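Q: Enclosed is the structure file structure_25.pdb (PDB, C-alpha atoms).
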ATOM      1  CA  MET A   1       0.000   0.000   0.000
ATOM      2  CA  GLU A   2       1.407   3.381  -1.082
ATOM      3  CA  LEU A   3       0.752   6.357   1.251
ATOM      4  CA  GLY A   4       2.297   9.057  -0.931
ATOM      5  CA  GLY A   5       1.281  12.695  -0.667
ATOM      6  CA  ARG A   6       2.045  14.665   2.425
ATOM      7  CA  PHE A   7       2.635  11.589   4.564
ATOM      8  CA  GLY A   8       4.830   9.736   2.086
ATOM      9  CA  ALA A   9       8.536   9.007   2.325
ATOM     10  CA  ASP A  10       9.551  12.389   0.905
ATOM     11  CA  TYR A  11       7.701  14.254   3.633
ATOM     12  CA  THR A  12       9.070  12.033   6.397
ATOM     13  CA  SER A  13      12.650  12.281   5.235
ATOM     14  CA  THR A  14      12.427  16.086   5.050
ATOM     15  CA  VAL A  15      11.096  16.242   8.601
ATOM     16  CA  LYS A  16      13.793  13.894   9.829
ATOM     17  CA  ARG A  17      16.459  15.853   7.945
ATOM     18  CA  ARG A  18      15.220  19.103   9.420
ATOM     19  CA  ARG A  19      15.210  17.671  12.934
ATOM     20  CA  GLY A  20      18.634  16.158  12.282
ATOM     21  CA  GLY A  21      19.860  19.579  11.191
ATOM     22  CA  GLU A  22      18.527  21.153  14.379
ATOM     23  CA  VAL A  23      20.198  18.465  16.496
ATOM     24  CA  GLY A  24      23.423  18.772  14.498
ATOM     25  CA  LEU A  25      23.389  22.541  14.927
ATOM     26  CA  ALA A  26      22.690  22.175  18.640
ATOM     27  CA  ASN A  27      25.606  19.766  19.069
ATOM     28  CA  ILE A  28      28.019  22.203  17.429
ATOM     29  CA  LEU A  29      26.687  25.186  19.377
ATOM     30  CA  GLU A  30      26.956  23.262  22.641
ATOM     31  CA  LYS A  31      30.625  22.520  21.863
ATOM     32  CA  ILE A  32      31.145  26.238  21.274
ATOM     33  CA  ILE A  33      29.484  27.098  24.592
ATOM     34  CA  ASP A  34      31.620  24.497  26.401
ATOM     35  CA  THR A  35      34.750  26.059  24.915
ATOM     36  CA  LEU A  36      33.598  29.565  25.849
ATOM     37  CA  LYS A  37      32.723  28.538  29.401
ATOM     38  CA  ALA A  38      36.169  26.996  29.859
ATOM     39  CA  HIS A  39      37.863  30.256  28.872
ATOM     40  CA  HIS A  40      38.970  32.544  31.714
ATOM     41  CA  VAL A  41      37.236  35.634  30.273
ATOM     42  CA  SER A  42      33.791  34.012  30.608
ATOM     43  CA  PHE A  43      33.552  33.903  34.419
ATOM     44  CA  LEU A  44      31.297  36.968  34.699
ATOM     45  CA  PHE A  45      28.977  35.759  31.944
ATOM     46  CA  LEU A  46      28.295  32.169  33.044
ATOM     47  CA  LYS A  47      25.004  32.815  34.871
ATOM     48  CA  PRO A  48      22.291  35.491  34.864
ATOM     49  CA  VAL A  49      23.101  38.661  36.793
ATOM     50  CA  THR A  50      21.295  38.518  40.142
ATOM     51  CA  ARG A  51      19.450  41.338  41.860
ATOM     52  CA  LYS A  52      21.912  40.963  44.737
ATOM     53  CA  GLU A  53      24.897  41.528  42.419
ATOM     54  CA  ALA A  54      23.315  44.470  40.617
ATOM     55  CA  PRO A  55      20.002  45.728  42.062
ATOM     56  CA  ASP A  56      19.380  48.115  39.138
ATOM     57  CA  TYR A  57      20.469  45.742  36.351
ATOM     58  CA  LEU A  58      16.983  45.002  35.014
ATOM     59  CA  LYS A  59      16.112  48.711  35.032
ATOM     60  CA  ILE A  60      18.982  49.313  32.608
ATOM     61  CA  ILE A  61      19.127  46.051  30.637
ATOM     62  CA  ASP A  62      16.029  45.106  28.616
ATOM     63  CA  ARG A  63      17.235  41.728  27.362
ATOM     64  CA  PRO A  64      19.513  39.908  29.835
ATOM     65  CA  MET A  65      21.650  37.109  28.385
ATOM     66  CA  ASP A  66      24.320  34.761  29.701
ATOM     67  CA  LEU A  67      25.996  31.493  28.739
ATOM     68  CA  SER A  68      23.743  29.256  30.864
ATOM     69  CA  THR A  69      20.641  30.766  29.241
ATOM     70  CA  MET A  70      22.213  30.205  25.837
ATOM     71  CA  ARG A  71      22.967  26.586  26.752
ATOM     72  CA  GLU A  72      19.308  26.084  27.699
ATOM     73  CA  LYS A  73      18.240  27.535  24.357
ATOM     74  CA  VAL A  74      20.647  25.162  22.588
ATOM     75  CA  ARG A  75      19.263  22.165  24.460
ATOM     76  CA  LYS A  76      15.677  23.169  23.632
ATOM     77  CA  LEU A  77      16.681  23.453  19.935
ATOM     78  CA  GLU A  78      15.625  27.105  19.883
ATOM     79  CA  TYR A  79      18.506  28.207  17.656
ATOM     80  CA  LYS A  80      17.770  27.630  13.976
ATOM     81  CA  SER A  81      20.946  29.352  12.767
ATOM     82  CA  ARG A  82      24.374  30.426  13.912
ATOM     83  CA  ASP A  83      23.240  34.043  13.400
ATOM     84  CA  ALA A  84      20.603  33.700  16.127
ATOM     85  CA  PHE A  85      23.221  32.161  18.424
ATOM     86  CA  ARG A  86      25.724  34.888  17.634
ATOM     87  CA  HIS A  87      23.097  37.541  18.254
ATOM     88  CA  ASP A  88      22.674  36.253  21.810
ATOM     89  CA  MET A  89      26.445  36.293  22.272
ATOM     90  CA  TRP A  90      26.461  39.867  20.962
ATOM     91  CA  GLN A  91      23.677  40.635  23.471
ATOM     92  CA  ILE A  92      25.994  39.609  26.325
ATOM     93  CA  THR A  93      28.596  42.045  25.003
ATOM     94  CA  TYR A  94      26.077  44.834  24.436
ATOM     95  CA  ASN A  95      24.686  44.404  27.956
ATOM     96  CA  ALA A  96      28.186  44.431  29.466
ATOM     97  CA  HIS A  97      28.937  47.735  27.726
ATOM     98  CA  LYS A  98      25.565  49.323  28.481
ATOM     99  CA  TYR A  99      25.462  48.415  32.179
ATOM    100  CA  ASN A 100      29.139  48.845  33.008
ATOM    101  CA  ASN A 101      29.809  52.035  31.058
ATOM    102  CA  GLY A 102      31.379  54.383  33.607
ATOM    103  CA  ARG A 103      31.016  51.848  36.441
ATOM    104  CA  ASN A 104      33.263  48.859  35.865
ATOM    105  CA  PRO A 105      35.629  49.610  32.986
ATOM    106  CA  GLY A 106      37.283  46.178  33.181
ATOM    107  CA  ILE A 107      34.125  44.217  32.315
ATOM    108  CA  PRO A 108      33.310  45.317  28.724
ATOM    109  CA  PRO A 109      36.742  44.244  27.370
ATOM    110  CA  LEU A 110      36.126  40.731  28.791
ATOM    111  CA  ALA A 111      32.809  40.575  26.941
ATOM    112  CA  ASP A 112      34.532  41.805  23.769
ATOM    113  CA  GLN A 113      37.107  39.031  24.078
ATOM    114  CA  LEU A 114      34.372  36.447  24.627
ATOM    115  CA  LEU A 115      32.573  37.593  21.470
ATOM    116  CA  GLU A 116      35.835  37.452  19.520
ATOM    117  CA  ILE A 117      36.473  33.896  20.713
ATOM    118  CA  CYS A 118      32.914  32.984  19.734
ATOM    119  CA  ASP A 119      33.424  34.452  16.253
ATOM    120  CA  ASN A 120      36.653  32.468  15.846
ATOM    121  CA  LEU A 121      34.872  29.259  16.878
ATOM    122  CA  LEU A 122      31.982  29.941  14.493
ATOM    123  CA  ASP A 123      34.556  30.399  11.714
ATOM    124  CA  GLN A 124      36.311  27.196  12.747
ATOM    125  CA  TYR A 125      33.043  25.221  12.525
ATOM    126  CA  ASP A 126      31.839  27.047   9.404
ATOM    127  CA  GLU A 127      31.556  24.006   7.113
ATOM    128  CA  ILE A 128      29.623  21.790   9.515
ATOM    129  CA  LEU A 129      27.437  24.722  10.518
ATOM    130  CA  ASP A 130      26.610  25.232   6.835
ATOM    131  CA  GLU A 131      25.580  21.565   6.543
ATOM    132  CA  ALA A 132      23.427  21.641   9.687
ATOM    133  CA  GLU A 133      21.731  24.895   8.658
ATOM    134  CA  ALA A 134      21.075  23.558   5.149
ATOM    135  CA  ASP A 135      19.318  20.521   6.634
ATOM    136  CA  ILE A 136      17.104  22.815   8.725
ATOM    137  CA  GLU A 137      16.145  24.996   5.761
ATOM    138  CA  GLU A 138      15.082  22.124   3.482
TER
END
The structure given in the file should be rewritten as structure tokens.
A:
Amino acid sequence: MELGGRFGADYTSTVKRRRGGEVGLANILEKIIDTLKAHHVSFLFLKPVTRKEAPDYLKIIDRPMDLSTMREKVRKLEYKSRDAFRHDMWQITYNAHKYNNGRNPGIPPLADQLLEICDNLLDQYDEILDEAEADIEE
């Protein structure tokens, strides 16, 4: 018996490929996060900023971001592209500059270094990221 149409083999393989692409992308992004977390410049960006650490943080920062939140997003397959992932990494840097401008001049350069390391890792994984993203888009 031939099912064909929307529920045929072509449809199933596309769905599986797409899901495989999402999982493949997530695996690569998780490796990148692991590498970033192991780097000494990441220590301030590992977890969300608490009210105790910075009582006015959420009055100044509209979109908090940190590496543990990014890891959760990776594990929930929320990133569909490296650009979305990189945007969250950029958000960490933007927040570090916005909040610490004039307060803690040593923090923004750490965030800049973290973003630079992220960019280098994204370049390093460029080919396999292309493959994973292509499988998602199909």
Q: Calculated over only C-alpha atoms, which of the candidates A:Gln113, A:Asn27, A:Thr69, A:Thr35 has the smallest distance to Leu129 of chain A?
A: A:Asn27
Q: Could you check how far atom CA of Phe45 of chain A sits from atom CA of Tyr94 of chain A, in Å to one decimal?
A: 12.1 Å
Q: With segment 46-52 of chain A as the partner and 12 Å as the cut-off, tabulate the residues of segment 86-118 of chain A that qualify, each row holding the nearest pair of atoms and their distance in Å to one decimal, using only C-alpha atoms, sorted by chain and rising number, as a Markdown table.
A:
| residue | atom | partner | partner_atom | distance |
| --- | --- | --- | --- | --- |
| A:Met89 | CA | A:Leu46 | CA | 11.7 |
| A:Ile92 | CA | A:Pro48 | CA | 10.2 |
| A:Asn95 | CA | A:Val49 | CA | 10.7 |
| A:Ala96 | CA | A:Val49 | CA | 10.6 |
| A:Tyr99 | CA | A:Val49 | CA | 11.0 |
| A:Ala111 | CA | A:Leu46 | CA | 11.3 |
| A:Leu114 | CA | A:Leu46 | CA | 11.2 |
Q: Could you tell me, as a ChimeraX atom specification, which residues have any atom at most 10 Å from (19.6, 23.8, 5.3), counting only C-alpha atoms?
A: /A:17-18,21-22,80-81,129-138
Q: Tell me which residues the PyMOL selection byres ((chain A and resi 67) around 12) grabs here, as an NGL selection string.
A: :A and (29-30 or 32-39 or 42-49 or 64-66 or 68-74 or 85-86 or 88-93 or 111 or 114-115 or 118)
Q: In Å to one decimal, how far is atom CA of Ile61 of chain A from atom CA of Gly102 of chain A?
A: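 Here the two named atoms are 15.1 Å from each other.
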Q: Of the candidates A:Asp119, A:Ile128, A:Lys59, A:Asp83, which shows the shortest atom-to-atom distance to Gly24 of chain A, using all atoms listed in the file?
A: A:Ile128
Q: With all atoms listed in the file as the basis for distance, which of A:Val23, A:Glu127, A:His97, A:Glu78 is at the shortest distance from Asp112 of chain A?
A: A:His97
Q: May I ask for the distance between atom CA of His40 of chain A and atom CA of Lys98 of chain A, given in Å to one decimal place?
A: 21.7 Å
